[in-house]
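Student: structure_11.tsv is reproduced below (TSV, C-alpha atoms).
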chain	number	residue	atom	x	y	z
K	231	MET	CA	0.00	0.00	0.00
K	232	ARG	CA	2.89	2.37	0.76
K	233	GLY	CA	6.63	2.41	0.15
K	234	LEU	CA	6.60	1.49	-3.54
K	235	THR	CA	9.67	2.92	-5.29
K	236	LEU	CA	8.42	2.54	-8.89
K	237	PRO	CA	11.83	2.55	-10.61
K	238	GLU	CA	11.73	3.71	-14.22
K	239	GLU	CA	13.57	0.63	-15.50
K	240	GLU	CA	10.64	-1.50	-14.27
K	241	PHE	CA	7.98	0.99	-15.37
K	242	LEU	CA	8.98	1.04	-19.04
K	243	PRO	CA	8.63	-2.73	-19.72
K	244	GLU	CA	5.34	-2.78	-17.82
K	245	LEU	CA	4.08	0.04	-20.02
K	246	GLU	CA	4.60	-2.20	-23.03
K	247	VAL	CA	2.56	-4.92	-21.31
K	248	VAL	CA	-0.35	-2.47	-20.88
K	249	LYS	CA	-0.11	-1.49	-24.56
K	250	GLU	CA	-0.28	-5.13	-25.58
K	251	GLU	CA	-3.23	-5.70	-23.25
K	252	ARG	CA	-5.07	-2.84	-24.95
K	253	ARG	CA	-4.30	-4.27	-28.39
K	254	LEU	CA	-5.54	-7.70	-27.33
K	255	ARG	CA	-8.77	-6.55	-25.67
K	256	VAL	CA	-9.68	-3.57	-27.84
K	257	ASP	CA	-7.64	-2.58	-30.88
K	258	ASP	CA	-7.41	-6.12	-32.32
K	259	ASN	CA	-10.82	-7.15	-30.98
K	260	PRO	CA	-13.62	-5.82	-33.26
K	261	ASN	CA	-16.34	-6.25	-30.62
K	262	GLY	CA	-14.23	-4.55	-27.96
K	263	LEU	CA	-13.40	-1.70	-30.32
K	264	ALA	CA	-17.04	-1.27	-31.34
K	265	PHE	CA	-18.19	-1.10	-27.71
K	266	GLU	CA	-15.46	1.39	-26.75
K	267	ARG	CA	-16.44	3.71	-29.60
K	268	PHE	CA	-20.10	3.29	-28.70
K	269	LEU	CA	-19.49	4.45	-25.13
K	270	THR	CA	-17.88	7.68	-26.37
K	271	GLN	CA	-21.27	8.59	-27.84
K	272	ALA	CA	-23.51	7.12	-25.13
K	273	TYR	CA	-21.85	9.21	-22.41
K	274	MET	CA	-21.71	12.90	-23.27
K	275	ALA	CA	-20.82	14.46	-19.90
K	276	SER	CA	-19.72	11.50	-17.77
K	277	PRO	CA	-16.08	10.34	-17.53
K	278	TYR	CA	-17.45	6.82	-18.18
K	279	SER	CA	-16.96	7.69	-21.86
K	280	GLN	CA	-13.23	7.20	-21.30
K	281	PRO	CA	-11.86	3.63	-21.48
K	282	ILE	CA	-10.50	2.34	-18.20
K	283	ILE	CA	-7.27	1.16	-19.77
K	284	GLY	CA	-6.88	4.52	-21.54
K	285	TRP	CA	-6.48	5.54	-25.15
K	286	MET	CA	-3.31	4.29	-26.79
K	287	HIS	CA	-1.98	7.82	-27.30
K	288	ASP	CA	-2.40	8.50	-23.57
K	289	ILE	CA	-0.67	5.25	-22.59
K	290	GLU	CA	2.24	6.12	-24.90
K	291	ARG	CA	2.84	9.48	-23.22
K	292	LEU	CA	2.43	8.23	-19.65
K	293	THR	CA	5.54	8.84	-17.50
K	294	VAL	CA	6.78	7.24	-14.33
K	295	GLU	CA	6.21	10.59	-12.60
K	296	ASP	CA	2.53	10.43	-13.57
K	297	LEU	CA	2.37	7.02	-11.93
K	298	ARG	CA	4.12	8.19	-8.77
K	299	THR	CA	1.75	11.16	-8.45
K	300	TRP	CA	-1.28	8.87	-8.83
K	301	TYR	CA	0.15	6.44	-6.30
K	302	ASP	CA	0.86	9.16	-3.73
K	303	LEU	CA	-2.68	10.54	-4.07
K	304	HIS	CA	-4.68	7.32	-3.96
K	305	TYR	CA	-2.77	4.58	-2.12
K	306	HIS	CA	-3.48	5.30	1.55
K	307	PRO	CA	-5.50	3.51	4.23
K	308	GLY	CA	-7.88	6.50	4.29
K	309	ASN	CA	-8.79	5.74	0.67
K	310	ALA	CA	-9.06	1.97	1.11
K	311	ILE	CA	-11.84	-0.46	1.97
K	312	LEU	CA	-10.90	-3.64	3.82
K	313	VAL	CA	-13.48	-6.41	3.42
K	314	LEU	CA	-13.21	-9.61	5.46
K	315	ALA	CA	-15.64	-12.45	4.82
K	316	GLY	CA	-15.85	-15.99	6.09
K	317	ASP	CA	-15.09	-17.80	9.33
K	318	ILE	CA	-13.13	-14.96	10.93
K	319	ASP	CA	-12.29	-14.16	14.52
K	320	LEU	CA	-13.08	-10.46	14.63
K	321	ALA	CA	-10.68	-9.62	17.47
K	322	THR	CA	-7.76	-11.30	15.68
K	323	ALA	CA	-8.64	-9.65	12.39
K	324	GLU	CA	-8.81	-6.23	14.00
K	325	GLU	CA	-5.46	-6.78	15.69
K	326	LEU	CA	-3.83	-7.76	12.40
K	327	ALA	CA	-5.37	-4.79	10.57
K	328	LYS	CA	-3.98	-2.42	13.19
K	329	GLN	CA	-0.59	-4.16	13.05
K	330	TYR	CA	-0.17	-3.85	9.28
K	331	PHE	CA	-2.12	-0.71	8.42
K	332	GLY	CA	-2.15	1.24	11.70
K	333	PRO	CA	1.39	2.68	11.35
K	334	ILE	CA	0.59	4.08	7.87
K	335	PRO	CA	-0.80	7.63	7.89
K	336	ALA	CA	-4.40	7.71	6.66
K	337	GLY	CA	-3.43	10.13	3.90
K	338	PRO	CA	-5.62	12.42	1.80
K	339	VAL	CA	-8.95	11.15	0.52
K	340	PRO	CA	-9.48	12.24	-3.09
K	341	PRO	CA	-12.83	13.97	-3.69
K	342	ARG	CA	-15.57	11.64	-4.95
K	343	ARG	CA	-18.35	13.03	-7.09
K	344	PRO	CA	-20.89	10.79	-8.77
K	345	PRO	CA	-20.42	10.88	-12.56
K	346	LEU	CA	-23.54	12.59	-13.87
K	347	GLU	CA	-24.90	12.47	-17.40
K	348	LEU	CA	-27.09	14.81	-19.41
K	349	PRO	CA	-30.58	13.41	-18.81
K	350	ALA	CA	-31.82	13.99	-22.35
K	351	GLY	CA	-29.01	14.84	-24.71
K	352	GLY	CA	-30.83	13.95	-27.91
K	353	GLU	CA	-30.92	10.84	-30.05
K	354	ARG	CA	-27.44	9.84	-31.26
K	355	SER	CA	-26.26	7.32	-33.86
K	356	ILE	CA	-22.90	5.90	-34.81
K	357	THR	CA	-22.19	3.59	-37.78
K	358	GLN	CA	-19.10	1.40	-37.62
K	359	TYR	CA	-17.45	-0.87	-40.19
K	360	LEU	CA	-15.19	-3.37	-38.46
K	361	ASN	CA	-13.90	-6.91	-38.88
K	362	VAL	CA	-17.00	-8.46	-37.39
K	363	GLN	CA	-18.66	-11.48	-38.95
K	364	LEU	CA	-22.29	-10.36	-38.54
K	365	PRO	CA	-24.09	-7.01	-38.35
K	366	THR	CA	-24.74	-6.05	-34.74
K	367	LEU	CA	-27.03	-3.55	-33.05
K	368	LEU	CA	-26.19	-1.72	-29.83
K	369	MET	CA	-28.71	0.54	-28.09
K	370	ALA	CA	-28.33	2.36	-24.78
K	371	PHE	CA	-30.46	4.78	-22.79
K	372	ASN	CA	-28.99	7.18	-20.23
K	373	VAL	CA	-30.51	6.20	-16.87
K	374	PRO	CA	-29.67	6.68	-13.19
K	375	GLY	CA	-28.00	4.15	-10.95
K	376	LEU	CA	-28.99	3.66	-7.33
K	377	VAL	CA	-26.59	6.42	-6.24
K	378	THR	CA	-28.10	9.04	-8.55
K	379	ALA	CA	-31.77	8.00	-8.80
K	380	GLU	CA	-34.19	10.66	-7.53
K	381	GLU	CA	-36.07	7.89	-5.72
K	382	ASP	CA	-34.47	4.56	-4.81
K	383	TRP	CA	-37.37	2.50	-6.17
K	384	GLU	CA	-36.52	3.60	-9.72
K	385	ALA	CA	-33.26	1.63	-9.73
K	386	TYR	CA	-34.98	-1.49	-8.38
K	387	ALA	CA	-37.75	-1.12	-10.97
K	388	LEU	CA	-35.14	-0.78	-13.73
K	389	ARG	CA	-33.54	-4.03	-12.53
K	390	LEU	CA	-36.87	-5.82	-12.82
K	391	LEU	CA	-37.59	-4.14	-16.16
K	392	ARG	CA	-34.38	-5.67	-17.43
K	393	GLY	CA	-35.55	-9.01	-16.01
K	394	VAL	CA	-38.93	-8.84	-17.78
K	395	LEU	CA	-37.09	-8.24	-21.04
K	396	ASP	CA	-34.15	-10.61	-20.59
K	397	ALA	CA	-34.25	-12.96	-17.60
K	398	GLY	CA	-34.22	-16.47	-18.93
K	399	HIS	CA	-35.79	-18.48	-21.74
K	400	SER	CA	-39.29	-17.12	-21.19
K	401	ALA	CA	-38.33	-13.42	-21.07
K	402	ARG	CA	-39.90	-11.15	-23.66
K	403	LEU	CA	-36.93	-10.45	-25.91
K	404	ALA	CA	-36.07	-14.12	-26.38
K	405	SER	CA	-39.64	-15.38	-26.61
K	406	GLU	CA	-40.93	-12.64	-28.92
K	407	LEU	CA	-37.97	-11.61	-31.08
K	408	GLU	CA	-35.98	-14.84	-31.29
K	409	ARG	CA	-38.67	-17.54	-31.26
K	410	ALA	CA	-42.05	-16.01	-32.12
K	411	SER	CA	-41.15	-13.52	-34.87
K	412	GLY	CA	-37.68	-14.90	-35.60
K	413	ILE	CA	-36.23	-11.47	-36.39
K	414	ALA	CA	-33.19	-11.95	-34.12
K	415	THR	CA	-30.67	-14.74	-33.80
K	416	SER	CA	-29.75	-13.26	-30.41
K	417	VAL	CA	-30.97	-10.26	-28.44
K	418	GLY	CA	-30.54	-9.16	-24.82
K	419	ALA	CA	-30.69	-6.32	-22.32
K	420	ASN	CA	-28.43	-5.23	-19.47
K	421	TYR	CA	-28.53	-2.78	-16.57
K	422	ASP	CA	-26.19	-2.30	-13.60
K	423	ALA	CA	-27.74	-0.32	-10.75
K	424	PHE	CA	-24.57	-0.29	-8.65
K	425	SER	CA	-22.37	2.14	-10.54
K	426	ARG	CA	-20.85	5.21	-8.92
K	427	GLY	CA	-23.09	7.52	-10.98
K	428	ASP	CA	-25.46	7.61	-13.92
K	429	THR	CA	-25.33	4.51	-16.09
K	430	LEU	CA	-26.90	2.86	-19.16
K	431	PHE	CA	-29.82	0.58	-19.87
K	432	MET	CA	-28.53	-1.41	-22.82
K	433	PHE	CA	-29.81	-3.64	-25.62
K	434	SER	CA	-27.74	-5.66	-28.07
K	435	GLY	CA	-28.72	-8.00	-30.84
K	436	ILE	CA	-27.92	-9.71	-34.13
K	437	PRO	CA	-30.61	-9.74	-36.84
K	438	ASN	CA	-31.73	-13.01	-38.45
K	439	GLN	CA	-30.06	-12.59	-41.83
K	440	SER	CA	-31.37	-15.94	-43.05
K	441	ARG	CA	-34.80	-14.28	-43.10
K	442	GLY	CA	-33.52	-11.05	-44.63
K	443	ILE	CA	-33.85	-9.05	-41.40
K	444	ASP	CA	-31.69	-5.92	-41.13
K	445	LEU	CA	-30.63	-3.77	-38.17
K	446	GLU	CA	-33.48	-1.28	-38.63
K	447	GLN	CA	-36.05	-4.09	-38.43
K	448	LEU	CA	-34.39	-5.52	-35.33
K	449	GLU	CA	-34.42	-2.10	-33.66
K	450	ALA	CA	-38.10	-1.72	-34.56
K	451	GLY	CA	-38.77	-5.08	-32.89
K	452	ILE	CA	-36.99	-3.96	-29.70
K	453	TRP	CA	-38.96	-0.71	-29.71
K	454	GLY	CA	-42.12	-2.76	-30.03
K	455	GLU	CA	-41.32	-4.58	-26.79
K	456	ILE	CA	-40.36	-1.32	-25.06
K	457	GLU	CA	-43.60	0.34	-26.09
K	458	ARG	CA	-45.66	-2.65	-24.95
K	459	LEU	CA	-44.26	-2.21	-21.47
K	460	GLN	CA	-44.72	1.56	-21.58
K	461	ASP	CA	-48.37	1.17	-22.54
K	462	GLU	CA	-49.26	-1.73	-20.26
K	463	PRO	CA	-47.59	-2.96	-17.07
K	464	PRO	CA	-46.52	-6.60	-16.97
K	465	ALA	CA	-49.00	-8.97	-15.36
K	466	GLN	CA	-48.43	-9.57	-11.68
K	467	GLU	CA	-47.78	-13.25	-12.40
K	468	GLU	CA	-45.08	-12.39	-14.97
K	469	LEU	CA	-43.40	-9.90	-12.65
K	470	ASP	CA	-43.46	-12.39	-9.76
K	471	ARG	CA	-41.80	-15.04	-11.94
K	472	VAL	CA	-39.08	-12.61	-13.04
K	473	ARG	CA	-38.59	-11.31	-9.50
K	474	ASN	CA	-38.19	-14.87	-8.21
K	475	GLN	CA	-35.50	-15.52	-10.81
K	476	VAL	CA	-33.62	-12.35	-9.88
K	477	ILE	CA	-33.88	-13.10	-6.16
K	478	ALA	CA	-32.79	-16.72	-6.69
K	479	GLN	CA	-29.62	-15.49	-8.39
K	480	LEU	CA	-28.94	-13.18	-5.46
K	481	VAL	CA	-29.46	-16.00	-2.96
K	482	PHE	CA	-27.24	-18.44	-4.86
K	483	ALA	CA	-24.53	-15.76	-5.03
K	484	GLN	CA	-24.41	-15.82	-1.22
K	485	ASP	CA	-23.07	-19.38	-1.43
K	486	SER	CA	-19.74	-17.89	-2.46
K	487	ILE	CA	-17.79	-16.14	0.30
K	488	SER	CA	-15.72	-14.24	-2.25
K	489	SER	CA	-18.92	-13.11	-3.99
K	490	GLN	CA	-20.25	-11.73	-0.71
K	491	ALA	CA	-17.00	-9.87	-0.16
K	492	ARG	CA	-17.04	-8.39	-3.67
K	493	GLN	CA	-20.64	-7.23	-3.28
K	494	ILE	CA	-19.91	-5.56	0.05
K	495	GLY	CA	-16.81	-3.88	-1.34
K	496	GLN	CA	-18.61	-2.74	-4.48
K	497	LEU	CA	-21.41	-1.08	-2.52
K	498	GLU	CA	-19.02	0.77	-0.23
K	499	SER	CA	-16.73	1.81	-3.09
K	500	VAL	CA	-19.54	3.48	-5.06
K	501	GLY	CA	-20.84	5.35	-2.02
K	502	LEU	CA	-23.61	3.01	-0.86
K	503	PRO	CA	-23.79	1.36	2.58
K	504	TRP	CA	-22.94	-2.34	2.64
K	505	THR	CA	-26.13	-2.95	4.62
K	506	LEU	CA	-28.08	-2.54	1.37
K	507	LEU	CA	-27.08	-6.13	0.68
K	508	ASP	CA	-29.42	-7.23	3.46
K	509	GLU	CA	-32.25	-5.04	2.13
K	510	ASP	CA	-31.93	-5.93	-1.55
K	511	ILE	CA	-34.54	-8.70	-1.67
K	512	GLU	CA	-37.07	-6.75	0.36
K	513	ARG	CA	-36.76	-3.72	-1.92
K	514	LEU	CA	-37.16	-5.84	-5.06
K	515	GLN	CA	-40.26	-7.45	-3.56
K	516	ALA	CA	-41.83	-4.02	-3.02
K	517	ILE	CA	-41.76	-3.08	-6.73
K	518	THR	CA	-45.14	-3.12	-8.50
K	519	PRO	CA	-45.96	-3.78	-12.17
K	520	GLU	CA	-46.98	-0.12	-12.52
K	521	GLN	CA	-43.54	1.01	-11.33
K	522	VAL	CA	-41.84	-1.20	-13.94
K	523	SER	CA	-44.00	0.40	-16.62
K	524	GLU	CA	-43.32	3.86	-15.19
K	525	VAL	CA	-39.51	3.60	-15.45
K	526	ALA	CA	-39.88	2.30	-19.01
K	527	ARG	CA	-41.87	5.43	-19.88
K	528	ARG	CA	-39.60	7.75	-17.92
K	529	TYR	CA	-36.21	6.54	-19.11
K	530	LEU	CA	-36.50	4.52	-22.34
K	531	GLN	CA	-37.02	7.62	-24.44
K	532	ARG	CA	-35.53	8.46	-27.82
K	533	GLU	CA	-33.94	11.66	-26.52
K	534	ARG	CA	-31.92	9.43	-24.14
K	535	LEU	CA	-30.96	6.92	-26.86
K	536	THR	CA	-27.64	6.11	-28.46
K	537	ARG	CA	-27.55	3.45	-31.16
K	538	SER	CA	-24.69	1.87	-33.06
K	539	HIS	CA	-25.00	-0.09	-36.29
K	540	ILE	CA	-21.93	-2.29	-36.65
K	541	PHE	CA	-21.31	-3.81	-40.07
K	542	PRO	CA	-18.63	-6.16	-41.44
K	543	ALA	CA	-15.87	-4.05	-42.98
K	544	HIS	CA	-16.31	-5.56	-46.46
K	545	LEU	CA	-19.81	-4.04	-46.69
K	546	LYS	CA	-18.53	-0.46	-46.46
K	547	GLU	CA	-18.03	0.03	-50.20
K	548	SER	CA	-21.42	-1.45	-51.07
K	549	ARG	CA	-23.41	0.86	-48.80
Could you show the structure in this file as structure tokens?
Tutor:
Amino acid sequence: MRGLTLPEEEFLPELEVVKEERRLRVDDNPNGLAFERFLTQAYMASPYSQPIIGWMHDIERLTVEDLRTWYDLHYHPGNAILVLAGDIDLATAEELAKQYFGPIPAGPVPPRRPPLELPAGGERSITQYLNVQLPTLLMAFNVPGLVTAEEDWEAYALRLLRGVLDAGHSARLASELERASGIATSVGANYDAFSRGDTLFMFSGIPNQSRGIDLEQLEAGIWGEIERLQDEPPAQEELDRVRNQVIAQLVFAQDSISSQARQIGQLESVGLPWTLLDEDIERLQAITPEQVSEVARRYLQRERLTRSHIFPAHLKESR
């Protein structure tokens, strides 16, 4: 945690490792590259538009002094969260924590501000031609996380909205767009309520080219499912089934001690109390079908939408 010397002769080879990691995960990975570019459009005001690993031109001009400054600012006990999970003797653990971390000054705590996004920045589109095998659609709506939601229930309702659309074989996207209409070979939705700030409600899919379906038709199909939920709440029976699936996943996750530790650490690190873990199921159970429909109307709006049409590179000249 403290006392790192960061010699330049060790920094320079490690910098090359980071460059290669970026090439592997992003620059030479068409799906990774497409998603990175997509995020630059989906986030207009939030620093979440910046890749965690950094742009290659920023990595190339990083110096060992930059690293030392970052280290001195952030690596202190005052800016750390220690999570202990499992069969632990609390008195012994506390004694060891004081032994190893007590002598280190707490240090400055960098300011933490939730990354906020423009609530309705206007509909945005990006077209990409990359070395992908199949055309792909990405859609994202700017939505709050639990930290930034005006009312907590909104984040829980968004979690269940995602479940109604994409929680298992019987969820609406799979049953309606993959099996019933056959316009998608795959389609899904995603939402993470536990970010430090505003986040995205995302859709992704691949159109069924064997039936001549294109990206516009797939997007229209997704909008059809969104509008169904905006116009009419899910039936109580459907919501209960989805809620039970979501809760079952949460319960099964408690079987893993490391999973419990990660969840506790994640909550605390984004500015939420770890005790929310004990309240999660109760809060999900309190959400009504009308609230699920309400967040669909409130947040899945075109003025909050970013879409990306990703095509195989060889189609560029023909379009």
Student: Please return as a list in words every residue within 7 Å of (-27.8, -11.3, -36.1), taking into account all atoms listed in the file and the file's own coordinates.
Tutor: Leu364, Pro365, Thr366, Ala414, Thr415, Ser416, Gly435, Ile436, Pro437, Asn438 and Gln439 of chain K
Student: What does the distance between atom CA of K:Asp296 and atom CA of K:Leu245 come to in Å, to one decimal place?
Tutor: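 Atom-to-atom, atom CA of K:Asp296 and atom CA of K:Leu245 are spaced 12.3 Å apart.
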Student: Interatomic distance between atom CA of K:Arg528 and atom CA of K:Thr429?
Tutor: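 The value is 14.7 Å.
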Student: Need the shell around K:Ile334: protein/DNA/RNA residues with any atom at most 9 Å away, counting all atoms listed in the file. Skip same-chain ones fewer than 2 positions apart. Format as an NGL selection string?
Tutor: :K and (231-232 or 306-307 or 330-332 or 336-337)
Student: Hey, what's within 10 Å of K:Glu384 if we count only C-alpha atoms and toss same-chain stuff fewer than 4 positions away? As a list in words, please?
Tutor: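 That gives Val373, Pro374, Gly375, Leu376, Ala379, Glu380, Leu388, Arg389, Leu390, Ala423, Ile517, Gln521, Val522, Glu524, Val525, Ala526, Arg528 and Tyr529 of chain K.
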Student: Using all atoms listed in the file, which residues sit within 9 Å of K:Gln531 once same-chain residues fewer than 5 positions away are excluded, as a list in words?
Tutor: Ala350, Glu353, Phe371 and Ala526 of chain K
Student: Please produce an output containing C-alpha atoms for each residue in the selection, written as a compact mmCIF listing (two decimals), in the coordinates of the input.
Tutor:
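Just written: again_12.txt:
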# COMPACT_ATOMS: atom_id res chain seq x y z
CA ALA K 350 -31.82 13.99 -22.35
CA GLU K 353 -30.92 10.84 -30.05
CA PHE K 371 -30.46 4.78 -22.79
CA ALA K 526 -39.88 2.30 -19.01
Student: Which residue, K:Asp396, K:Pro463, K:Ser489, K:Met369, has the smallest gap to K:Phe433 when you use all atoms listed in the file?
Tutor: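 Ranked by minimum distance to K:Phe433, first place goes to K:Met369.
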Student: Rank K:Ala387, K:Ala491, K:Leu459, K:Leu407 by their smallest atom-to-atom distance to K:Leu314, using all atoms listed in the file, and report the top residue only.
Tutor: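 The closest residue to K:Leu314 is K:Ala491.
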Student: Mind giving me the straight-line distance from atom CA of K:Trp300 to atom CA of K:Tyr278 in Å, one decimal?
Tutor: 18.8 Å
Student: So which one's closest to K:Leu502, K:Thr235, K:Thr378, K:Gln460, K:Gln447? Using only C-alpha atoms, please.
Tutor: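 Comparing K:Thr235, K:Thr378, K:Gln460, K:Gln447 against K:Leu502, the winner is K:Thr378.
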Student: Counting all atoms listed in the file, write as number ranges by chain all protein and nucleic acid residues lying at most 10 Å from (-28.9, 15.7, -20.5) in the file's frame.
Tutor: K: 273-275, 346-352, 372, 533-534
Student: With all atoms listed in the file as the counted atoms, please give the residues lying no more than 8 Å from K:Ala272, apart from itself and same-chain residues fewer than 6 positions off, as a PyMOL selection string.
Tutor: chain K and resi 279+354+370-372+535-536
Student: Please determine, counting all atoms listed in the file, which residue among K:Ser523, K:Ser400, K:Ser276, K:Thr322 has the shortest atom-to-atom distance to K:Ala465.
Tutor: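 Residue with the minimum atom-to-atom distance to K:Ala465: K:Ser523.
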Student: Go through K:Lys249, K:Arg513, K:Arg402, K:Arg458 one by one, measure the shortest atom-to-atom distance of each to K:Leu292 using all atoms listed in the file, and give the residue with the smallest value.
Tutor: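 The shortest atom-to-atom distance to K:Leu292 comes from K:Lys249.
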Student: Choose the residue, out of K:Gly442, K:Gly393, K:Gly495, K:Gly398, that has the smallest atom-to-atom separation from K:Ile413; count all atoms listed in the file.
Tutor: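 Among the listed residues, K:Gly442 lies closest to K:Ile413.
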Student: Padding 8 Å on every side, please: axis-aligned box over the listed atoms of stretch 275-280 of chain K, centre and edge lengths to one decimal in Å, as lines of an AutoDock Vina configuration file.
Tutor:
center_x = -17.0
center_y = 10.6
center_z = -19.7
size_x = 23.6
size_y = 23.6
size_z = 20.3
